[in-house]
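Trainee: For reference, this is start_22.cif, and it has mmCIF, C-alpha atoms and all ligand atoms.
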```cif
data_run
#
loop_
_atom_site.label_atom_id
_atom_site.label_comp_id
_atom_site.auth_asym_id
_atom_site.auth_seq_id
_atom_site.Cartn_x
_atom_site.Cartn_y
_atom_site.Cartn_z
CA MET A 1255 85.59 124.18 99.26
CA LYS A 1256 88.88 123.19 97.72
CA VAL A 1257 89.15 119.40 97.73
CA LEU A 1258 92.10 117.10 97.00
CA VAL A 1259 91.59 113.47 95.97
CA ILE A 1260 94.49 111.02 96.31
CA GLY A 1261 94.92 108.31 93.65
CA GLY A 1262 94.94 107.95 89.91
CA GLY A 1263 92.73 105.08 88.75
CA GLY A 1264 89.19 104.50 87.50
CA ARG A 1265 87.85 104.55 91.05
CA GLU A 1266 89.39 107.97 91.68
CA HIS A 1267 87.92 109.22 88.40
CA ALA A 1268 84.47 108.13 89.62
CA VAL A 1269 85.04 109.80 93.02
CA CYS A 1270 86.26 113.02 91.36
CA LYS A 1271 83.30 113.13 88.97
CA LYS A 1272 80.86 112.73 91.83
CA LEU A 1273 82.60 115.34 93.98
CA ALA A 1274 82.67 117.76 91.03
CA GLU A 1275 78.84 117.58 90.98
CA SER A 1276 78.63 118.82 94.57
CA PRO A 1277 77.62 122.46 95.05
CA LYS A 1278 79.99 122.47 98.02
CA VAL A 1279 83.05 121.81 95.85
CA ASP A 1280 84.37 124.76 93.88
CA ALA A 1281 87.91 123.54 93.22
CA LEU A 1282 89.10 119.97 92.79
CA LEU A 1283 92.70 118.70 92.77
CA CYS A 1284 93.87 115.13 92.26
CA ALA A 1285 97.30 113.64 92.98
CA PRO A 1286 98.61 112.04 90.88
CA GLY A 1287 95.42 111.80 88.76
CA ASN A 1288 95.32 110.68 85.12
CA ALA A 1289 94.31 111.97 81.69
CA GLY A 1290 90.57 111.45 82.33
CA ILE A 1291 90.59 112.92 85.82
CA ALA A 1292 92.27 116.00 84.29
CA GLN A 1293 88.89 116.80 82.66
CA VAL A 1294 87.27 117.38 86.07
CA ALA A 1295 90.20 118.19 88.37
CA THR A 1296 93.61 119.82 88.33
CA CYS A 1297 96.03 116.89 88.40
CA VAL A 1298 99.34 116.95 90.25
CA PRO A 1299 101.22 114.05 88.61
CA GLU A 1300 104.46 114.69 90.48
CA VAL A 1301 102.87 113.80 93.85
CA LYS A 1302 102.46 110.03 94.06
CA ALA A 1303 99.70 108.41 96.13
CA THR A 1304 102.24 106.84 98.50
CA ASP A 1305 104.14 110.10 99.13
CA VAL A 1306 102.50 111.01 102.45
CA ALA A 1307 104.83 113.95 103.19
CA GLY A 1308 104.37 115.24 99.64
CA ILE A 1309 100.56 115.00 99.99
CA VAL A 1310 100.56 116.97 103.26
CA ALA A 1311 102.87 119.59 101.71
CA LEU A 1312 100.64 119.85 98.62
CA ALA A 1313 97.50 120.26 100.76
CA GLN A 1314 99.20 123.03 102.76
CA ARG A 1315 100.65 124.80 99.75
CA GLU A 1316 97.29 124.79 97.95
CA HIS A 1317 95.26 125.67 101.07
CA VAL A 1318 93.10 122.61 100.55
CA ASP A 1319 90.00 122.38 102.80
CA PHE A 1320 89.47 118.61 102.63
CA VAL A 1321 91.35 115.56 101.35
CA CYS A 1322 89.84 112.24 100.25
CA VAL A 1323 92.43 109.45 100.55
CA THR A 1324 91.15 106.70 98.26
CA PRO A 1325 93.78 103.91 97.70
CA ASP A 1326 94.86 101.24 100.18
CA ASP A 1327 98.57 102.01 100.45
CA PRO A 1328 98.46 105.66 101.58
CA LEU A 1329 95.76 104.69 104.10
CA ALA A 1330 98.00 101.93 105.47
CA LEU A 1331 100.92 104.40 105.51
CA GLY A 1332 98.98 106.79 107.76
CA CYS A 1333 98.11 109.48 105.22
CA VAL A 1334 94.87 110.43 107.01
CA ASP A 1335 96.67 110.55 110.38
CA ALA A 1336 99.36 112.84 108.91
CA LEU A 1337 96.84 115.18 107.27
CA GLU A 1338 94.69 115.44 110.40
CA ALA A 1339 97.79 116.04 112.54
CA ALA A 1340 98.61 118.95 110.22
CA GLY A 1341 95.09 120.32 110.75
CA ILE A 1342 93.77 119.26 107.34
CA PRO A 1343 90.40 117.45 107.42
CA ALA A 1344 90.66 114.10 105.62
CA PHE A 1345 88.31 111.27 104.62
CA GLY A 1346 89.47 107.72 105.24
CA PRO A 1347 90.45 105.48 108.16
CA SER A 1348 93.54 105.96 110.32
CA ALA A 1349 96.46 103.61 109.66
CA TYR A 1350 95.38 101.65 112.74
CA ALA A 1351 91.81 101.20 111.48
CA ALA A 1352 93.08 100.50 107.94
CA GLN A 1353 94.58 97.28 109.30
CA MET A 1354 91.11 95.86 108.60
CA GLU A 1355 92.56 95.60 105.09
CA SER A 1356 96.33 95.86 105.47
CA SER A 1357 96.57 92.86 107.79
CA LYS A 1358 94.39 89.87 107.00
CA ILE A 1359 95.49 88.40 110.35
CA PHE A 1360 94.31 91.54 112.20
CA SER A 1361 90.85 91.32 110.63
CA LYS A 1362 90.63 87.53 110.97
CA ASN A 1363 91.42 87.80 114.69
CA LEU A 1364 88.70 90.42 115.06
CA MET A 1365 86.15 88.25 113.25
CA GLU A 1366 87.03 85.20 115.32
CA LYS A 1367 86.94 87.08 118.62
CA TYR A 1368 83.53 88.61 117.90
CA GLY A 1369 81.91 85.64 116.14
CA ILE A 1370 81.58 87.29 112.73
CA PRO A 1371 80.99 84.58 110.11
CA THR A 1372 84.08 83.92 107.96
CA ALA A 1373 86.25 81.05 106.74
CA GLN A 1374 87.93 79.04 109.48
CA SER A 1375 91.67 79.68 109.33
CA GLU A 1376 95.13 79.22 110.87
CA VAL A 1377 98.02 81.71 111.03
CA PHE A 1378 101.63 80.73 110.28
CA THR A 1379 104.85 82.65 110.82
CA ASP A 1380 107.04 79.63 110.08
CA CYS A 1381 107.21 78.02 106.64
CA ALA A 1382 107.93 74.47 107.84
CA ALA A 1383 104.95 74.58 110.22
CA ALA A 1384 102.68 75.83 107.42
CA LEU A 1385 103.85 73.02 105.12
CA SER A 1386 103.29 70.30 107.69
CA TYR A 1387 99.85 71.72 108.52
CA LEU A 1388 98.97 71.43 104.82
CA ASP A 1389 99.81 67.69 105.01
CA THR A 1390 96.86 67.32 107.40
CA GLN A 1391 94.42 69.23 105.17
CA SER A 1392 92.58 68.55 101.93
CA ALA A 1393 92.17 70.69 98.81
CA PRO A 1394 90.76 73.03 97.69
CA ILE A 1395 92.32 75.28 100.30
CA VAL A 1396 93.15 78.99 100.41
CA VAL A 1397 96.57 80.55 101.12
CA LYS A 1398 96.73 84.28 101.89
CA ALA A 1399 99.64 86.62 102.47
CA ASP A 1400 98.97 88.75 105.56
CA GLY A 1401 99.74 92.16 104.07
CA LEU A 1402 98.87 94.27 101.04
CA ALA A 1403 99.89 92.53 97.81
CA LEU A 1404 98.20 94.49 95.00
CA GLY A 1405 95.22 92.14 95.18
CA LYS A 1406 97.46 89.19 94.28
CA GLY A 1407 98.19 87.77 97.73
CA VAL A 1408 95.45 85.12 97.66
CA VAL A 1409 95.80 81.66 96.11
CA VAL A 1410 92.78 79.37 95.95
CA ALA A 1411 94.74 76.14 95.59
CA GLN A 1412 93.12 73.18 93.88
CA THR A 1413 95.74 70.73 95.22
CA ILE A 1414 97.86 70.54 98.38
CA ASP A 1415 100.99 70.77 96.19
CA GLU A 1416 99.75 74.04 94.73
CA ALA A 1417 99.06 75.34 98.25
CA LYS A 1418 102.58 74.33 99.35
CA GLN A 1419 104.10 76.11 96.39
CA ALA A 1420 102.14 79.27 97.28
CA VAL A 1421 103.32 79.06 100.91
CA ARG A 1422 106.96 78.65 99.80
CA GLU A 1423 106.75 81.56 97.36
CA MET A 1424 105.22 83.83 99.99
CA MET A 1425 107.30 82.80 103.00
CA GLU A 1426 110.67 81.81 101.49
CA GLY A 1427 110.63 83.34 98.00
CA GLY A 1428 109.71 86.78 99.34
CA LYS A 1429 107.16 87.12 96.54
CA PHE A 1430 105.31 89.89 98.41
CA GLY A 1431 108.18 91.09 100.59
CA LYS A 1432 107.16 91.67 104.20
CA SER A 1433 103.48 91.19 103.28
CA GLY A 1434 104.13 87.44 102.88
CA ALA A 1435 106.17 86.89 106.04
CA ARG A 1436 103.02 85.67 107.76
CA VAL A 1437 100.36 83.65 105.97
CA LEU A 1438 96.84 82.45 106.64
CA ILE A 1439 95.73 79.04 105.49
CA GLU A 1440 91.96 78.89 105.35
CA GLU A 1441 88.97 76.82 104.53
CA CYS A 1442 87.72 77.25 100.96
CA MET A 1443 84.21 78.63 101.08
CA VAL A 1444 81.71 77.82 98.36
CA GLY A 1445 79.18 80.30 97.02
CA ARG A 1446 78.64 83.40 94.94
CA GLU A 1447 80.37 86.66 95.89
CA ALA A 1448 78.97 90.14 96.40
CA THR A 1449 80.52 93.40 97.59
CA VAL A 1450 78.93 95.74 100.08
CA LEU A 1451 80.66 99.11 100.30
CA CYS A 1452 79.58 100.90 103.48
CA PHE A 1453 80.00 104.45 104.66
CA CYS A 1454 81.06 104.19 108.29
CA ASP A 1455 81.69 106.98 110.79
CA GLY A 1456 82.47 104.77 113.76
CA ARG A 1457 78.94 105.11 115.12
CA THR A 1458 76.75 104.45 112.12
CA ILE A 1459 77.32 102.12 109.20
CA VAL A 1460 75.34 102.70 106.01
CA PRO A 1461 75.58 100.14 103.21
CA MET A 1462 75.56 101.35 99.62
CA VAL A 1463 73.84 99.33 96.89
CA ALA A 1464 75.48 95.89 96.74
CA SER A 1465 77.63 95.16 93.72
CA GLN A 1466 79.50 92.33 92.00
CA ASP A 1467 83.05 92.35 90.68
CA HIS A 1468 84.50 90.00 88.02
CA LYS A 1469 88.03 89.18 89.10
CA ARG A 1470 89.11 86.65 86.47
CA VAL A 1471 90.44 87.84 83.15
CA PHE A 1472 88.38 85.66 80.80
CA ASP A 1473 84.69 84.93 80.25
CA GLY A 1474 83.14 82.30 82.47
CA ASP A 1475 85.47 83.29 85.35
CA LYS A 1476 88.44 81.60 83.67
CA GLY A 1477 92.10 82.58 83.68
CA PRO A 1478 94.19 84.44 86.24
CA ASN A 1479 92.91 87.01 88.72
CA THR A 1480 93.01 90.68 87.79
CA GLY A 1481 92.27 93.93 89.57
CA GLY A 1482 88.70 93.49 88.27
CA MET A 1483 87.36 93.24 84.71
CA GLY A 1484 83.92 94.70 85.31
CA ALA A 1485 81.26 95.30 87.91
CA PHE A 1486 77.58 95.98 88.24
CA ALA A 1487 75.10 97.14 90.83
CA PRO A 1488 72.73 96.39 92.41
CA SER A 1489 73.53 92.71 92.94
CA PRO A 1490 70.39 90.55 92.59
CA LEU A 1491 72.12 88.02 94.89
CA TYR A 1492 71.79 90.55 97.70
CA THR A 1493 68.11 89.90 98.34
CA PRO A 1494 66.27 91.62 101.21
CA GLU A 1495 66.81 88.47 103.30
CA VAL A 1496 70.57 88.37 102.55
CA ALA A 1497 70.73 92.10 103.32
CA ARG A 1498 68.98 91.59 106.65
CA ARG A 1499 71.32 88.77 107.67
CA THR A 1500 74.40 90.69 106.48
CA THR A 1501 73.40 93.75 108.51
CA GLU A 1502 72.58 91.74 111.65
CA GLU A 1503 75.34 89.13 111.48
CA ILE A 1504 78.19 91.07 109.84
CA LEU A 1505 77.88 94.85 109.45
CA LEU A 1506 76.62 95.80 112.92
CA PRO A 1507 78.80 93.20 114.71
CA THR A 1508 81.84 94.51 112.78
CA LEU A 1509 81.08 98.08 113.86
CA ARG A 1510 80.65 96.98 117.48
CA ALA A 1511 83.82 94.85 117.34
CA MET A 1512 85.96 97.72 116.02
CA ASN A 1513 84.72 99.97 118.81
CA ALA A 1514 85.18 97.26 121.43
CA GLU A 1515 88.79 96.94 120.25
CA GLY A 1516 89.19 100.66 120.87
CA PHE A 1517 89.43 102.07 117.38
CA THR A 1518 87.11 104.21 115.31
CA PHE A 1519 86.70 103.35 111.64
CA LYS A 1520 85.81 106.39 109.55
CA GLY A 1521 85.65 106.03 105.79
CA VAL A 1522 84.43 103.33 103.45
CA LEU A 1523 84.43 99.79 104.77
CA TYR A 1524 84.41 97.33 101.88
CA VAL A 1525 82.84 94.04 102.91
CA GLY A 1526 83.53 91.19 100.47
CA LEU A 1527 80.91 88.49 101.03
CA MET A 1528 80.64 84.84 100.12
CA LEU A 1529 76.98 83.81 100.05
CA THR A 1530 77.33 80.26 101.33
CA ALA A 1531 74.69 77.61 102.07
CA ASP A 1532 75.06 78.63 105.74
CA GLY A 1533 74.50 82.30 105.01
CA PRO A 1534 76.70 85.28 104.19
CA LYS A 1535 80.33 85.09 105.34
CA VAL A 1536 83.17 87.60 105.10
CA VAL A 1537 85.83 86.87 102.46
CA GLU A 1538 87.72 90.07 103.21
CA TYR A 1539 87.41 93.62 104.40
CA ASN A 1540 88.98 96.52 102.59
CA ALA A 1541 89.35 99.96 104.12
CA ARG A 1542 88.30 101.93 101.02
CA PHE A 1543 86.10 102.10 97.93
CA GLY A 1544 86.52 99.04 95.66
CA ASP A 1545 87.77 99.20 92.11
CA PRO A 1546 85.85 98.66 89.79
CA GLU A 1547 82.77 98.40 92.05
CA THR A 1548 82.87 102.16 92.68
CA GLN A 1549 82.51 102.84 88.96
CA ALA A 1550 79.16 100.99 89.09
CA VAL A 1551 77.97 102.17 92.53
CA LEU A 1552 78.71 105.92 92.59
CA PRO A 1553 76.87 106.67 89.33
CA LEU A 1554 73.72 105.51 91.15
CA LEU A 1555 74.30 107.73 94.21
CA THR A 1556 71.82 110.60 94.13
CA SER A 1557 73.05 112.27 97.35
CA ASP A 1558 75.93 114.70 97.68
CA LEU A 1559 79.15 112.68 98.13
CA MET A 1560 80.98 115.68 99.61
CA GLU A 1561 78.31 116.08 102.26
CA ILE A 1562 78.50 112.37 103.10
CA MET A 1563 82.30 112.47 103.39
CA MET A 1564 82.18 115.47 105.71
CA ALA A 1565 79.48 113.79 107.81
CA VAL A 1566 81.57 110.63 108.09
CA ARG A 1567 84.58 112.57 109.30
CA GLU A 1568 82.49 114.52 111.82
CA GLN A 1569 80.61 111.40 112.97
CA ARG A 1570 77.20 112.69 111.99
CA LEU A 1571 76.41 110.18 109.28
CA ASP A 1572 72.72 109.53 109.00
CA GLU A 1573 71.08 106.87 106.87
CA SER A 1574 68.87 109.48 105.25
CA MET A 1575 71.95 111.15 103.73
CA VAL A 1576 72.75 108.20 101.50
CA ARG A 1577 70.29 107.75 98.64
CA PHE A 1578 70.55 105.71 95.47
CA ALA A 1579 68.58 105.81 92.23
CA ASP A 1580 66.28 102.85 91.69
CA LYS A 1581 68.28 101.88 88.60
CA ALA A 1582 71.16 99.60 87.61
CA ALA A 1583 74.69 100.35 86.43
CA ALA A 1584 77.33 98.23 84.72
CA CYS A 1585 81.01 98.95 84.18
CA ILE A 1586 83.05 97.13 81.52
CA ILE A 1587 86.83 97.29 81.83
CA LEU A 1588 88.94 97.62 78.68
CA ALA A 1589 92.40 96.19 79.37
CA SER A 1590 95.74 96.20 77.59
CA GLY A 1591 96.72 93.14 75.53
CA GLY A 1592 98.53 90.69 77.81
CA TYR A 1593 97.07 92.03 81.06
CA PRO A 1594 97.22 90.76 83.86
CA GLY A 1595 100.59 89.55 82.57
CA LYS A 1596 103.06 91.70 80.64
CA TYR A 1597 101.63 94.38 78.39
CA GLU A 1598 102.88 97.36 76.39
CA GLY A 1599 101.74 100.93 76.97
CA GLY A 1600 101.60 103.84 74.57
CA LYS A 1601 98.78 102.56 72.31
CA ALA A 1602 96.61 105.31 70.81
CA ILE A 1603 93.00 105.25 72.09
CA THR A 1604 90.06 106.26 69.88
CA GLY A 1605 86.27 106.25 70.19
CA ILE A 1606 85.74 107.70 73.66
CA ASP A 1607 83.55 110.51 72.30
CA ALA A 1608 81.43 108.00 70.41
CA ALA A 1609 81.04 105.92 73.57
CA GLU A 1610 79.98 108.97 75.56
CA LYS A 1611 77.54 110.04 72.82
CA ARG A 1612 75.74 106.79 73.60
CA GLY A 1613 75.18 108.09 77.13
CA ALA A 1614 77.94 106.10 78.83
CA THR A 1615 80.58 107.49 81.17
CA VAL A 1616 84.15 106.53 80.40
CA TYR A 1617 86.35 106.36 83.49
CA HIS A 1618 90.08 106.46 82.88
CA ALA A 1619 92.25 103.99 84.79
CA GLY A 1620 95.55 103.73 82.90
CA THR A 1621 95.79 106.51 80.32
CA LYS A 1622 98.01 109.48 79.62
CA LEU A 1623 98.40 112.22 77.07
CA SER A 1624 101.43 111.85 74.84
CA ASP A 1625 101.97 114.80 72.45
CA GLY A 1626 98.26 115.57 72.65
CA GLN A 1627 97.22 112.00 71.86
CA LEU A 1628 95.46 109.85 74.49
CA VAL A 1629 97.42 106.62 74.92
CA THR A 1630 97.30 103.55 77.16
CA ALA A 1631 99.43 103.66 80.31
CA GLY A 1632 98.37 100.72 82.45
CA GLY A 1633 96.92 97.21 82.53
CA ARG A 1634 93.37 98.31 83.07
CA VAL A 1635 92.92 101.25 80.71
CA LEU A 1636 89.27 102.39 80.80
CA GLY A 1637 86.01 101.54 82.57
CA VAL A 1638 82.87 102.14 80.54
CA THR A 1639 79.79 102.59 82.73
CA ALA A 1640 76.18 102.85 81.62
CA THR A 1641 73.01 102.97 83.68
CA GLY A 1642 69.59 101.57 82.82
CA ASP A 1643 66.24 100.79 84.35
CA THR A 1644 67.25 97.14 84.53
CA LEU A 1645 70.57 95.32 84.85
CA ARG A 1646 70.10 93.94 81.31
CA GLY A 1647 69.58 97.46 79.98
CA ALA A 1648 72.66 98.78 81.79
CA VAL A 1649 74.85 95.88 80.60
CA ASP A 1650 73.72 96.20 76.96
CA ALA A 1651 74.25 99.96 76.97
CA ALA A 1652 77.70 99.62 78.54
CA TYR A 1653 78.76 97.05 75.92
CA ALA A 1654 77.37 99.13 73.03
CA ALA A 1655 79.48 102.05 74.25
CA ALA A 1656 82.58 99.96 75.04
CA ARG A 1657 82.58 98.56 71.48
CA GLU A 1658 83.06 102.10 70.15
CA ILE A 1659 86.49 102.30 71.82
CA HIS A 1660 89.62 100.97 70.16
CA PHE A 1661 93.30 100.58 70.90
CA GLU A 1662 95.77 97.94 69.74
CA GLY A 1663 95.48 94.77 71.82
CA ALA A 1664 92.39 95.94 73.75
CA HIS A 1665 90.42 93.20 75.45
CA MET A 1666 87.34 93.00 77.62
CA ARG A 1667 85.15 90.26 79.01
CA SER A 1668 81.94 89.78 77.09
CA ASP A 1669 79.91 88.36 79.98
CA ILE A 1670 79.90 91.08 82.66
CA GLY A 1671 76.61 90.70 84.54
CA SER A 1672 75.24 88.13 82.11
CA ARG A 1673 74.88 85.39 84.73
CA ASP A 1674 72.62 87.65 86.79
CA CYS A 1675 70.58 89.50 84.15
P1 LIG B 1 90.69 88.57 98.64
O1 LIG B 1 91.92 89.27 98.14
O2 LIG B 1 90.73 88.18 100.08
O3 LIG B 1 89.42 89.24 98.20
O4 LIG B 1 90.60 87.23 97.82
C1 LIG B 1 90.51 87.24 96.42
C2 LIG B 1 89.51 86.22 95.98
O5 LIG B 1 89.91 84.92 96.43
C3 LIG B 1 88.11 86.41 96.57
O6 LIG B 1 87.35 87.32 95.87
C4 LIG B 1 87.57 85.01 96.46
O7 LIG B 1 87.11 84.74 95.15
C5 LIG B 1 88.76 84.16 96.73
N1 LIG B 1 88.81 83.75 98.15
C6 LIG B 1 89.42 84.38 99.16
N2 LIG B 1 89.24 83.72 100.32
C7 LIG B 1 88.50 82.63 100.03
C8 LIG B 1 87.98 81.55 100.80
N3 LIG B 1 88.23 81.42 102.09
N4 LIG B 1 87.26 80.62 100.16
C9 LIG B 1 87.02 80.71 98.83
N5 LIG B 1 87.48 81.69 98.05
C10 LIG B 1 88.21 82.66 98.64
N1 LIG B 2 87.38 95.00 93.52
C1 LIG B 2 88.26 94.54 94.51
C2 LIG B 2 88.95 95.57 95.29
O1 LIG B 2 88.75 96.74 95.12
O2 LIG B 2 89.75 95.19 96.12
#
```
Mind converting the file's structure to structure tokens?
Mentor:
Amino acid sequence: MKVLVIGGGGREHAVCKKLAESPKVDALLCAPGNAGIAQVATCVPEVKATDVAGIVALAQREHVDFVCVTPDDPLALGCVDALEAAGIPAFGPSAYAAQMESSKIFSKNLMEKYGIPTAQSEVFTDCAAALSYLDTQSAPIVVKADGLALGKGVVVAQTIDEAKQAVREMMEGGKFGKSGARVLIEECMVGREATVLCFCDGRTIVPMVASQDHKRVFDGDKGPNTGGMGAFAPSPLYTPEVARRTTEEILLPTLRAMNAEGFTFKGVLYVGLMLTADGPKVVEYNARFGDPETQAVLPLLTSDLMEIMMAVREQRLDESMVRFADKAAACIILASGGYPGKYEGGKAITGIDAAEKRGATVYHAGTKLSDGQLVTAGGRVLGVTATGDTLRGAVDAAYAAAREIHFEGAHMRSDIGSRDC
């Protein structure tokens, strides 16, 4: 089969690498791709992930047999709908089903209607009403923009003034454009977080090994939020008892709720959990693989990802198709100096071969080739993943490999996984 993957980050590199292992896949394309993905796929940098018409045209021109739409924005823009309408099989939810991620109000309404545990919350379309509601509440409190906001549309406010400022920026300042026109103000939940990525075909939902992300930029979960500074799997917080409750109280009810609302979710449903004193609750759903969780989860998948994706699309997913190694994996993100604030690109990268000689896999997130030299081209530059028999072993191996890699201004957290080893 000739397969096209949409996207160009570390997550897409992990998806491409896994698909390249499949005996079913004999040609792999990636749009736009990046310098690392180019080692396993033919990249098409001129077709951007949000260019739905360009993606359909590319798939037709190249006689592609199957497309995997990985990032949130093309899913929300209806990329899977457009491909399927053109007769091209595609993996990922329809734009309607992708509202599980692209509208926090859509998913909150679904959770409330079907009794799925989550933070109690109120919706506001009017700034003055949101501000006067905040006068009746106490901090900490959470303010969320309704729509997609590059992972930055959530403010966990420590004071009511901070919450008011967030509301004003979103609703009056237009900080996230249309995404911030409606906001949710919600109860601040307390607990540890875990991610459960699930393959879902609309009939069957199959959780992958649970993982943990590290969203803050500095050690000890300090500093501003990022796209994710590292991840590991499996999560020791996701005990058999937590897994049982999550399946019974969240995963199966979510599947039933989506069907009861008349839509079929096919793709990866990302369930972000807060493990509270009252049990697991949903922080958010995403309609896709997580980044960087995927770079820790897919290396442990022992089944054929292509076969799973086809089964999801054809609604013949079976639990027995999804198998994971009884091992652990850790992914350390190397970021540009200044990230998540301003940073410069174009810094020469060295040491990837040395890192890989140690047995690690180096996923490219923001890199490009400039006159034959690999240089930085993004905030998050590389994800270094190692596996091991234990989480400690995986974390140590990933750090040993990550320390081989150098570029000016590079920074990484030094405590990925350490709280749970
Ligand atoms: P989200 O984009 O919805 O994943 O939110 C980003 C982060 O904000 C989450 O990973 C949590 O750490 C935090 N967060 C979101 N909602 C809540 C909540 N209701 N209570 C506490 N923390 C939250
Ligand atoms: N790791 C968070 C996300 O993918 O949204």
Trainee: Ligand LIG 1 (chain B): which residues are within 6 Å, counting all atoms listed in the file, as a short mmCIF file (atom, residue, chain, number, x, y, z; two decimals) with C-alpha atoms, keeping the file's coordinate frame?
Mentor:
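Ended up saving to pocket36.cif:
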```cif
data_model
loop_
_atom_site.label_atom_id
_atom_site.label_comp_id
_atom_site.auth_asym_id
_atom_site.auth_seq_id
_atom_site.Cartn_x
_atom_site.Cartn_y
_atom_site.Cartn_z
CA ALA A 1373 86.25 81.05 106.74
CA VAL A 1396 93.15 78.99 100.41
CA GLY A 1405 95.22 92.14 95.18
CA VAL A 1408 95.45 85.12 97.66
CA GLU A 1440 91.96 78.89 105.35
CA GLU A 1441 88.97 76.82 104.53
CA CYS A 1442 87.72 77.25 100.96
CA MET A 1443 84.21 78.63 101.08
CA VAL A 1537 85.83 86.87 102.46
CA GLU A 1538 87.72 90.07 103.21
#
```
Trainee: Need the shell around A:Cys1270: protein/DNA/RNA residues with any atom at most 9 Å away, counting all atoms listed in the file. Skip same-chain ones fewer than 6 positions apart. Format as a VMD selection string?
Mentor: chain A and resid 1259 1282 to 1284 1291 1294 to 1295
Trainee: Which residue out of A:Lys1362, A:Lys1596, A:Lys1278, A:Arg1265 has the minimum interatomic distance to ligand LIG 2 (chain B) when all atoms listed in the file are used?
Mentor: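 Among the listed residues, the smallest separation from ligand LIG 2 (chain B) belongs to A:Arg1265.
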Trainee: Considering only C-alpha atoms, give me a table of residues in stretch 1634-1661 of chain A that are at most 10 Å from stretch 1483-1504 of chain A, with the closest atom pair and distance in Å for each, as a Markdown table.
Mentor:
```
| residue | atom | partner | partner_atom | distance |
| --- | --- | --- | --- | --- |
| A:Arg1634 | CA | A:Met1483 | CA | 8.0 |
| A:Gly1637 | CA | A:Gly1484 | CA | 7.7 |
| A:Val1638 | CA | A:Gly1484 | CA | 8.9 |
| A:Thr1639 | CA | A:Phe1486 | CA | 8.9 |
| A:Ala1640 | CA | A:Phe1486 | CA | 9.6 |
| A:Thr1641 | CA | A:Ala1487 | CA | 9.5 |
| A:Thr1644 | CA | A:Pro1488 | CA | 9.6 |
| A:Leu1645 | CA | A:Ala1487 | CA | 7.7 |
| A:Ala1648 | CA | A:Phe1486 | CA | 8.6 |
| A:Val1649 | CA | A:Phe1486 | CA | 8.1 |
```
Trainee: Just how far from atom CA of A:Asp1545 is atom CA of A:Leu1329, in Å to one decimal?
Mentor: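 Atom CA of A:Leu1329 sits 15.4 Å away from atom CA of A:Asp1545.
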Trainee: Which is closer to A:Ser1433 than all the others in A:Leu1273, A:Ala1403, A:Val1566, A:Ala1656, using all atoms listed in the file?
Mentor: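 That would be A:Ala1403, the residue with the smallest distance to A:Ser1433.
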Trainee: Hey, could you patch up stretch 1377-1385 of chain A with N, CA, C and O atoms and hand it over as a PDB file, in the frame of the given file?
Mentor:
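Final file, out08.pdb:
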```
ATOM      1  N   VAL A1377      96.949  80.745 111.346  1.00  0.00           N
ATOM      2  CA  VAL A1377      98.020  81.710 111.030  1.00  0.00           C
ATOM      3  C   VAL A1377      99.376  81.015 111.149  1.00  0.00           C
ATOM      4  O   VAL A1377      99.596  80.255 112.092  1.00  0.00           O
ATOM      5  N   PHE A1378     100.279  81.298 110.211  1.00  0.00           N
ATOM      6  CA  PHE A1378     101.630  80.730 110.280  1.00  0.00           C
ATOM      7  C   PHE A1378     102.692  81.809 110.101  1.00  0.00           C
ATOM      8  O   PHE A1378     102.574  82.649 109.212  1.00  0.00           O
ATOM      9  N   THR A1379     103.716  81.734 110.963  1.00  0.00           N
ATOM     10  CA  THR A1379     104.850  82.650 110.820  1.00  0.00           C
ATOM     11  C   THR A1379     106.092  81.848 110.415  1.00  0.00           C
ATOM     12  O   THR A1379     107.145  82.407 110.171  1.00  0.00           O
ATOM     13  N   ASP A1380     105.916  80.518 110.367  1.00  0.00           N
ATOM     14  CA  ASP A1380     107.040  79.630 110.080  1.00  0.00           C
ATOM     15  C   ASP A1380     106.662  78.747 108.896  1.00  0.00           C
ATOM     16  O   ASP A1380     105.611  78.081 108.907  1.00  0.00           O
ATOM     17  N   CYS A1381     107.530  78.722 107.888  1.00  0.00           N
ATOM     18  CA  CYS A1381     107.210  78.020 106.640  1.00  0.00           C
ATOM     19  C   CYS A1381     107.054  76.514 106.866  1.00  0.00           C
ATOM     20  O   CYS A1381     106.100  75.904 106.377  1.00  0.00           O
ATOM     21  N   ALA A1382     107.980  75.925 107.629  1.00  0.00           N
ATOM     22  CA  ALA A1382     107.930  74.470 107.840  1.00  0.00           C
ATOM     23  C   ALA A1382     106.621  74.084 108.541  1.00  0.00           C
ATOM     24  O   ALA A1382     105.980  73.070 108.187  1.00  0.00           O
ATOM     25  N   ALA A1383     106.200  74.885 109.504  1.00  0.00           N
ATOM     26  CA  ALA A1383     104.950  74.580 110.220  1.00  0.00           C
ATOM     27  C   ALA A1383     103.757  74.687 109.279  1.00  0.00           C
ATOM     28  O   ALA A1383     102.842  73.859 109.331  1.00  0.00           O
ATOM     29  N   ALA A1384     103.778  75.669 108.377  1.00  0.00           N
ATOM     30  CA  ALA A1384     102.680  75.830 107.420  1.00  0.00           C
ATOM     31  C   ALA A1384     102.628  74.620 106.483  1.00  0.00           C
ATOM     32  O   ALA A1384     101.556  74.083 106.200  1.00  0.00           O
ATOM     33  N   LEU A1385     103.807  74.153 106.051  1.00  0.00           N
ATOM     34  CA  LEU A1385     103.850  73.020 105.120  1.00  0.00           C
ATOM     35  C   LEU A1385     103.360  71.749 105.805  1.00  0.00           C
ATOM     36  O   LEU A1385     102.604  70.971 105.224  1.00  0.00           O
TER      37      LEU A1385
END
```
